[in-house]
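> mmCIF, C-alpha atoms, file query.cif:
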data_upload
loop_
_atom_site.label_atom_id
_atom_site.label_comp_id
_atom_site.auth_asym_id
_atom_site.auth_seq_id
_atom_site.Cartn_x
_atom_site.Cartn_y
_atom_site.Cartn_z
CA MET A 10 109.09 202.18 -96.01
CA ASN A 11 105.43 203.20 -95.79
CA ASP A 12 102.45 201.68 -97.59
CA ALA A 13 102.78 204.03 -100.56
CA ASP A 14 106.29 202.68 -101.16
CA TYR A 15 105.36 199.01 -100.98
CA ILE A 16 104.61 197.01 -104.09
CA GLU A 17 102.67 193.78 -103.84
CA ILE A 18 104.45 190.94 -105.60
CA LYS A 19 103.00 187.50 -106.21
CA THR A 20 105.50 184.67 -106.30
CA ARG A 21 105.10 181.22 -107.79
CA ILE A 22 107.43 178.46 -108.86
CA VAL A 23 106.78 176.48 -112.04
CA ASP A 24 109.12 173.67 -113.07
CA GLY A 25 111.97 175.16 -111.04
CA THR A 26 111.49 178.65 -112.47
CA THR A 27 110.56 181.46 -110.10
CA ILE A 28 107.91 183.80 -111.47
CA LEU A 29 107.51 187.19 -109.80
CA SER A 30 104.42 189.24 -110.63
CA PRO A 31 104.58 192.79 -109.26
CA MET A 32 101.24 194.57 -109.03
CA GLY A 33 101.10 198.30 -109.73
CA GLU A 34 103.25 201.19 -110.90
CA ILE A 35 107.00 200.94 -110.36
CA ASP A 36 108.69 204.28 -109.78
CA LEU A 37 111.34 205.77 -107.51
CA SER A 38 109.04 205.22 -104.56
CA ARG A 39 108.43 201.53 -105.17
CA ALA A 40 111.59 200.37 -106.94
CA PRO A 41 113.40 199.69 -103.62
CA SER A 42 110.59 197.33 -102.59
CA LEU A 43 110.92 195.48 -105.89
CA ARG A 44 114.71 195.39 -105.56
CA THR A 45 114.49 193.89 -102.06
CA HIS A 46 112.12 191.20 -103.27
CA ILE A 47 114.18 190.28 -106.33
CA SER A 48 117.40 190.21 -104.30
CA ALA A 49 115.85 187.78 -101.83
CA VAL A 50 114.84 185.48 -104.68
CA GLN A 51 118.19 185.78 -106.45
CA ALA A 52 120.04 184.91 -103.24
CA LYS A 53 118.71 181.38 -103.83
CA ARG A 54 120.37 181.40 -107.27
CA PRO A 55 117.36 180.38 -109.37
CA ARG A 56 118.21 178.87 -112.76
CA ARG A 57 115.59 181.07 -114.38
CA LEU A 58 113.68 184.05 -113.01
CA ILE A 59 110.69 185.48 -114.85
CA ILE A 60 109.43 188.96 -114.00
CA ASP A 61 105.82 189.00 -115.14
CA LEU A 62 104.84 192.62 -115.81
CA THR A 63 101.22 191.94 -116.75
CA ALA A 64 99.97 194.07 -113.85
CA VAL A 65 102.52 196.87 -114.16
CA PRO A 66 100.98 199.77 -116.09
CA TYR A 67 103.91 202.15 -115.60
CA MET A 68 107.62 202.03 -114.93
CA ASP A 69 110.23 204.79 -114.77
CA SER A 70 114.01 204.52 -114.99
CA SER A 71 114.20 203.55 -111.31
CA GLY A 72 112.30 200.38 -112.14
CA VAL A 73 114.40 199.83 -115.24
CA ALA A 74 117.58 200.24 -113.15
CA THR A 75 116.31 197.59 -110.74
CA LEU A 76 115.75 195.18 -113.62
CA ILE A 77 119.19 195.90 -115.13
CA GLU A 78 120.73 195.16 -111.75
CA ALA A 79 118.75 191.91 -111.53
CA MET A 80 119.81 190.90 -115.04
CA GLN A 81 123.46 191.50 -114.21
CA THR A 82 123.13 189.50 -110.99
CA ALA A 83 121.50 186.65 -112.89
CA ARG A 84 124.27 186.61 -115.49
CA ARG A 85 126.99 186.58 -112.84
CA SER A 86 125.45 183.53 -111.22
CA GLY A 87 124.84 181.71 -114.50
CA GLY A 88 121.09 182.17 -114.34
CA LYS A 89 118.62 183.79 -116.69
CA LEU A 90 116.27 186.72 -116.22
CA VAL A 91 113.24 186.95 -118.48
CA LEU A 92 110.77 189.84 -118.67
CA CYS A 93 107.28 189.04 -119.76
CA ALA A 94 104.02 190.73 -120.81
CA LEU A 95 105.17 194.35 -120.96
CA GLN A 96 102.30 196.82 -121.25
CA GLU A 97 102.59 199.52 -123.90
CA LYS A 98 103.82 202.30 -121.60
CA VAL A 99 106.37 200.00 -120.00
CA ARG A 100 107.58 198.75 -123.37
CA SER A 101 107.90 202.39 -124.41
CA ILE A 102 110.60 203.15 -121.82
CA PHE A 103 112.57 200.05 -122.86
CA GLU A 104 112.40 201.25 -126.45
CA ILE A 105 113.39 204.83 -125.59
CA ALA A 106 116.37 203.53 -123.59
CA ARG A 107 117.11 200.98 -126.34
CA LEU A 108 117.00 198.14 -123.87
CA GLU A 109 114.53 195.90 -125.66
CA THR A 110 117.39 193.88 -127.16
CA VAL A 111 119.42 193.82 -123.95
CA PHE A 112 116.75 191.92 -122.04
CA THR A 113 115.06 188.68 -122.97
CA ILE A 114 111.45 189.84 -123.39
CA VAL A 115 108.57 187.50 -124.13
CA ASN A 116 104.81 187.84 -124.32
CA THR A 117 103.67 185.19 -121.84
CA THR A 118 105.01 183.34 -118.84
CA ASP A 119 104.56 180.06 -120.74
CA GLU A 120 106.88 181.40 -123.41
CA GLY A 121 109.27 182.51 -120.69
CA LEU A 122 109.51 178.95 -119.40
CA THR A 123 110.89 177.80 -122.75
CA VAL A 124 113.64 180.36 -123.42
CA MET B 6 108.80 228.24 -128.95
CA ALA B 7 106.91 231.41 -128.15
CA GLU B 8 107.98 233.20 -124.98
CA VAL B 9 105.96 232.30 -121.94
CA ILE B 10 105.02 235.56 -120.32
CA ASP B 11 101.86 234.69 -118.41
CA GLN B 12 101.38 232.95 -115.14
CA PRO B 13 101.26 229.15 -115.41
CA HIS B 14 97.93 227.64 -116.38
CA VAL B 15 98.47 224.89 -113.84
CA ARG B 16 100.97 224.76 -111.03
CA LEU B 17 101.82 221.93 -108.66
CA GLU B 18 103.94 222.37 -105.57
CA MET B 19 105.28 219.20 -104.00
CA LEU B 20 107.69 217.97 -101.39
CA SER B 21 110.83 216.17 -102.51
CA GLN B 22 109.37 212.76 -101.73
CA ALA B 23 109.04 209.93 -104.22
CA ARG B 24 105.59 208.94 -102.99
CA PHE B 25 104.16 212.11 -104.57
CA LEU B 26 105.46 211.32 -108.06
CA ALA B 27 102.27 209.51 -109.02
CA ALA B 28 100.21 212.65 -108.41
CA ALA B 29 102.49 214.74 -110.63
CA ARG B 30 102.39 212.10 -113.36
CA ALA B 31 98.60 211.96 -113.27
CA MET B 32 98.30 215.73 -113.55
CA ILE B 33 100.65 215.96 -116.52
CA SER B 34 99.23 212.95 -118.32
CA ASN B 35 95.63 214.12 -117.95
CA LEU B 36 96.45 217.62 -119.13
CA ALA B 37 98.44 216.34 -122.12
CA GLN B 38 95.55 214.13 -123.16
CA ARG B 39 93.17 217.10 -122.89
CA LEU B 40 95.50 218.97 -125.24
CA GLY B 41 95.14 216.17 -127.77
CA PHE B 42 98.22 214.06 -127.15
CA ASN B 43 97.48 210.37 -127.47
CA GLU B 44 97.97 207.96 -124.60
CA ILE B 45 101.52 206.98 -125.56
CA HIS B 46 102.71 210.57 -126.01
CA SER B 47 100.98 211.65 -122.78
CA GLY B 48 102.68 208.78 -121.00
CA GLN B 49 106.05 209.83 -122.37
CA ILE B 50 105.55 213.45 -121.29
CA SER B 51 104.63 212.37 -117.77
CA LEU B 52 107.62 209.99 -117.81
CA ALA B 53 109.91 212.92 -118.64
CA VAL B 54 108.46 214.92 -115.74
CA ASP B 55 108.80 211.89 -113.44
CA GLU B 56 112.47 211.51 -114.42
CA ALA B 57 113.16 215.21 -113.83
CA LEU B 58 111.52 215.03 -110.39
CA CYS B 59 113.49 211.87 -109.53
CA ASN B 60 116.74 213.64 -110.39
CA ILE B 61 115.80 216.59 -108.17
CA ILE B 62 114.86 214.28 -105.27
CA ASN B 63 117.94 212.05 -105.60
CA HIS B 64 120.65 214.46 -106.68
CA GLY B 65 119.36 217.99 -106.07
CA TYR B 66 117.98 217.51 -102.59
CA GLU B 67 120.05 214.35 -102.01
CA LYS B 68 116.93 212.52 -100.74
CA ARG B 69 116.10 215.20 -98.18
CA PRO B 70 112.31 214.90 -97.77
CA ASP B 71 111.58 218.56 -97.00
CA GLY B 72 112.68 220.21 -100.26
CA ARG B 73 110.15 222.06 -102.41
CA ILE B 74 109.56 221.46 -106.10
CA TRP B 75 107.31 223.47 -108.40
CA VAL B 76 105.89 222.08 -111.65
CA SER B 77 104.37 224.80 -113.85
CA VAL B 78 102.46 223.96 -116.99
CA TRP B 79 101.18 225.99 -119.92
CA ALA B 80 98.82 224.80 -122.63
CA LEU B 81 99.96 226.78 -125.67
CA GLU B 82 99.79 226.92 -129.43
CA ASP B 83 103.10 227.17 -131.25
CA HIS B 84 102.60 227.87 -134.96
CA LYS B 85 99.08 226.48 -134.53
CA GLN B 86 100.45 223.27 -133.02
CA PRO B 87 99.05 222.48 -129.57
CA THR B 88 102.03 222.53 -127.24
CA ILE B 89 102.57 221.66 -123.62
CA LYS B 90 105.22 223.77 -121.92
CA ILE B 91 106.59 222.60 -118.59
CA ILE B 92 108.94 224.33 -116.16
CA ILE B 93 110.23 222.49 -113.10
CA GLU B 94 111.96 224.51 -110.40
CA ASP B 95 113.58 223.70 -107.09
CA ARG B 96 115.69 225.22 -104.38
CA ALA B 97 118.13 222.34 -104.35
CA LYS B 98 121.87 222.59 -104.89
CA GLN B 99 122.97 224.23 -108.11
CA VAL B 100 124.99 222.48 -110.76
CA ASP B 101 126.57 223.73 -113.95
CA PRO B 102 123.96 223.05 -116.67
CA GLN B 103 126.84 221.98 -118.94
CA VAL B 104 127.50 218.92 -116.78
CA ILE B 105 123.89 217.69 -116.99
CA ARG B 106 124.34 215.24 -119.82
CA SER B 107 122.84 212.03 -121.08
CA ARG B 108 124.94 208.94 -120.56
CA ASP B 109 126.14 206.57 -123.23
CA LEU B 110 123.45 203.95 -123.79
CA GLU B 111 126.07 201.41 -124.82
CA ASP B 112 127.12 201.34 -121.20
CA VAL B 113 124.30 199.18 -119.85
CA ARG B 114 124.16 199.77 -116.11
CA PRO B 115 121.60 200.68 -113.49
CA GLY B 116 120.91 204.40 -113.21
CA GLY B 117 121.68 207.51 -115.21
CA LEU B 118 118.93 207.17 -117.79
CA GLY B 119 116.78 210.08 -116.62
CA VAL B 120 118.41 212.92 -118.55
CA TYR B 121 118.61 210.79 -121.67
CA ILE B 122 114.88 210.04 -121.47
CA ILE B 123 114.00 213.71 -120.91
CA ARG B 124 116.02 214.82 -123.93
CA GLU B 125 114.70 211.99 -126.07
CA VAL B 126 111.04 212.57 -125.26
CA MET B 127 110.81 216.35 -124.91
CA GLU B 128 111.79 219.35 -127.05
CA ASP B 129 113.67 222.56 -126.25
CA VAL B 130 115.09 221.06 -123.05
CA ARG B 131 117.06 223.62 -121.07
CA TYR B 132 118.60 223.52 -117.61
CA GLU B 133 119.61 226.73 -115.87
CA LYS B 134 120.50 228.02 -112.46
CA ARG B 135 117.78 230.04 -110.73
CA GLU B 136 118.61 233.39 -109.31
CA GLY B 137 118.61 232.99 -105.56
CA GLY B 138 119.29 229.27 -105.62
CA GLY B 139 118.09 226.05 -107.13
CA MET B 140 117.67 224.89 -110.71
CA ARG B 141 115.11 225.38 -113.45
CA LEU B 142 114.30 222.87 -116.18
CA SER B 143 112.27 224.15 -119.13
CA MET B 144 110.93 221.83 -121.79
CA CYS B 145 108.02 221.51 -124.15
CA LYS B 146 106.32 219.05 -126.44
CA ARG B 147 104.44 219.96 -129.58
CA LEU B 148 101.61 217.77 -130.71
CA PRO B 149 103.19 215.76 -133.53
CA SER B 150 101.66 216.76 -136.84
CA GLY B 151 99.90 213.79 -138.36
CA ALA B 152 99.87 211.93 -135.07
CA GLN B 153 96.57 210.45 -134.02
CA THR B 154 95.23 212.49 -131.14
CA THR B 155 93.21 211.43 -128.15
CA GLN B 156 90.05 212.80 -129.73
CA GLU B 157 90.74 211.01 -132.99
CA ASN B 158 91.37 207.80 -131.11
CA GLN B 159 88.06 208.15 -129.33
CA ARG B 160 86.25 208.86 -132.58
CA ALA B 161 87.91 205.85 -134.18
CA GLY B 162 87.22 203.76 -131.10
CA SER B 163 90.74 202.41 -131.13
CA THR B 164 94.01 202.73 -129.28
CA PRO B 165 96.93 204.58 -130.90
CA SER B 166 99.52 202.59 -132.79
CA ARG B 167 103.01 202.43 -131.38
CA SER B 168 104.53 203.54 -134.67
CA ALA B 169 103.53 207.17 -134.09
CA ALA B 170 105.37 207.16 -130.78
CA GLU B 171 108.37 205.46 -132.31
CA GLU B 172 108.53 207.91 -135.17
CA ASP B 173 108.30 210.81 -132.77
CA ASN B 174 111.24 209.50 -130.79
CA GLN B 175 113.58 209.40 -133.74
#
Is it possible to express this structure as structure tokens?


Amino acid sequence: MNDADYIEIKTRIVDGTTILSPMGEIDLSRAPSLRTHISAVQAKRPRRLIIDLTAVPYMDSSGVATLIEAMQTARRSGGKLVLCALQEKVRSIFEIARLETVFTIVNTTDEGLTV
Amino acid sequence: MAEVIDQPHVRLEMLSQARFLAAARAMISNLAQRLGFNEIHSGQISLAVDEALCNIINHGYEKRPDGRIWVSVWALEDHKQPTIKIIIEDRAKQVDPQVIRSRDLEDVRPGGLGVYIIREVMEDVRYEKREGGGMRLSMCKRLPSGAQTTQENQRAGSTPSRSAAEEDNQ
């Protein structure tokens, strides 16, 4: 994986909830980097995982596939995956793929801590 | 859609590597906005191109990094509607266009959304085998009548509403 394929992800833990904040566009090039990061976090079986998309201006179906996989992993382990702060273009792909009701989507991380 | 007989107005040649997707998206999105598409529609057009390129990289060239892909673009007028026409060609393995189908959205699983997105976002989508090898995807997008354009947005000093994009996707 070269630099162009790496996505910076900030991680913080608030009240037992892990919050991941990827920074930048998520496409076929960078989705594997995101998948690796999420898998490492989910291996610890967090009760709740929030993916904060505040700093993600674009996502294609590779990114969406990564999030579907993460949601299914969370459900299998009895945890919860919450998406938060989707920008307009990112929300657009969830709407086109009719996934906005499949995921738990909230506006802020604070809101994500309460669902 | 009027027949495209001229050389492309813009043409991008790229290797079958995912790290070059961002450049293709930027080119398409900028051109679409210059044609008057608002930010959401431009984003959707570049998303469709991104998805087509991903499919070529993953399935056509099976992740081989040395394949060639050509993205040709025309800025046209179809019945006085500004229209962006896009043709994407490769020399990857050929498949029967009949088997290139969208998947059932009820089946929520990772992967397989690309063709659905392309058909949902774009118009006149057509896959065909190229003579001499590879595939060709032709598609276009007409500026939605009544949709707020980039120029109108700038004049109004506001961002486009999502409803126009939603209506266009119905």

> Excluding Met32 of chain A and any residue of its chain fewer than 2 positions from it, enumerate the residues within 10 Å of it, using only C-alpha atoms, and give them as a PyMOL selection string.

chain A and resi 16-19+29-30+34-35+61-66

> Would you mind telling me which residue in A:Glu78, A:Asp36, A:Glu104, A:Glu120 lies nearest to Glu56 of chain B when using all atoms listed in the file?

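Once distances to Glu56 of chain B are computed over all atoms listed in the file, the minimum belongs to A:Asp36.
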
> Would you kindly translate the PyMOL selection byres ((chain A) within 6 of (chain B)) into the concrete residues it picks from this file, as a list of chain:residue names?

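Here the PyMOL selection byres ((chain A) within 6 of (chain B)) matches A:Leu37, A:Ser38, A:Ala74, A:Ile77, A:Glu78.
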
> On this structure, the PyMOL selection byres ((chain A and resi 54) around 8) would catch which residues? List them as a list in words, sorted by chain and number.

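Given this file, the PyMOL selection byres ((chain A and resi 54) around 8) evaluates to Val50, Gln51, Ala52, Lys53, Pro55, Arg56, Ala83, Ser86 and Gly88 of chain A.
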
> Please compute the atom CA of Thr27 of chain A-atom CA of Arg107 of chain A distance, one decimal, in Å.

26.2 Å

> With a distance cut-off of 9 Å and only C-alpha atoms, select the neighbouring residues of segment 87-99 of chain B, excluding the residue or stretch itself and same-chain residues fewer than 5 positions from it, and output the selection as a VMD selection string.

chain B and resid 9 36 to 37 40 to 42 54 57 to 58 61 to 62 64 to 67 72 to 82 133 to 135 137 to 149

> Provide the atom CA of Gly25 of chain A to atom CA of Arg85 of chain A distance in Å, to one decimal place.

19.0 Å

> One number please: atom CA of Ser71 of chain A to atom CA of Leu43 of chain A, in Å, one decimal.

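Between atom CA of Ser71 of chain A and atom CA of Leu43 of chain A the gap works out to 10.3 Å.
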
> Which is closest to Val124 of chain A among A:Thr26, A:Ser101, A:Thr20, A:Thr45, if we use all atoms listed in the file?

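When distances to Val124 of chain A are compared using all atoms listed in the file, the smallest one comes from A:Thr26.
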
> Determine the axis-aligned bounding box of all atoms of segment 78-89 of chain B present in the file, pad each side by 3 Å, and express its centre and edge lengths in Å to one decimal place as AutoDock Vina command-line options.


--center_x 101.0 --center_y 224.8 --center_z -126.0 --size_x 10.3 --size_y 12.2 --size_z 24.0

> For the structure just given, write the atoms of segment 49-63 of chain B, namely N, CA and C atoms, as a compact mmCIF listing (two decimals), in the first residue's frame.


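Now in result_15.txt:
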# COMPACT_ATOMS: atom_id res chain seq x y z
N GLN B 49 -22.61 13.09 -8.83
CA GLN B 49 -23.20 11.80 -9.21
C GLN B 49 -22.64 11.30 -10.54
N ILE B 50 -22.40 12.22 -11.47
CA ILE B 50 -21.81 11.83 -12.76
C ILE B 50 -20.40 11.29 -12.54
N SER B 51 -19.63 11.98 -11.72
CA SER B 51 -18.26 11.49 -11.47
C SER B 51 -18.29 10.20 -10.66
N LEU B 52 -19.31 10.02 -9.82
CA LEU B 52 -19.46 8.75 -9.10
C LEU B 52 -19.71 7.60 -10.08
N ALA B 53 -20.58 7.86 -11.07
CA ALA B 53 -20.87 6.82 -12.08
C ALA B 53 -19.60 6.43 -12.84
N VAL B 54 -18.80 7.43 -13.19
CA VAL B 54 -17.54 7.15 -13.89
C VAL B 54 -16.60 6.36 -12.98
N ASP B 55 -16.52 6.79 -11.73
CA ASP B 55 -15.68 6.09 -10.74
C ASP B 55 -16.09 4.62 -10.65
N GLU B 56 -17.40 4.38 -10.56
CA GLU B 56 -17.89 3.00 -10.42
C GLU B 56 -17.55 2.17 -11.67
N ALA B 57 -17.69 2.79 -12.83
CA ALA B 57 -17.36 2.08 -14.07
C ALA B 57 -15.87 1.72 -14.10
N LEU B 58 -15.04 2.67 -13.70
CA LEU B 58 -13.58 2.42 -13.69
C LEU B 58 -13.22 1.34 -12.66
N CYS B 59 -13.88 1.38 -11.51
CA CYS B 59 -13.64 0.34 -10.49
C CYS B 59 -13.95 -1.04 -11.04
N ASN B 60 -15.07 -1.14 -11.76
CA ASN B 60 -15.46 -2.44 -12.31
C ASN B 60 -14.43 -2.94 -13.33
N ILE B 61 -13.92 -2.00 -14.13
CA ILE B 61 -12.89 -2.39 -15.12
C ILE B 61 -11.62 -2.86 -14.39
N ILE B 62 -11.21 -2.10 -13.38
CA ILE B 62 -9.99 -2.46 -12.64
C ILE B 62 -10.15 -3.81 -11.94
N ASN B 63 -11.28 -3.97 -11.24
CA ASN B 63 -11.48 -5.19 -10.44
C ASN B 63 -11.83 -6.41 -11.27
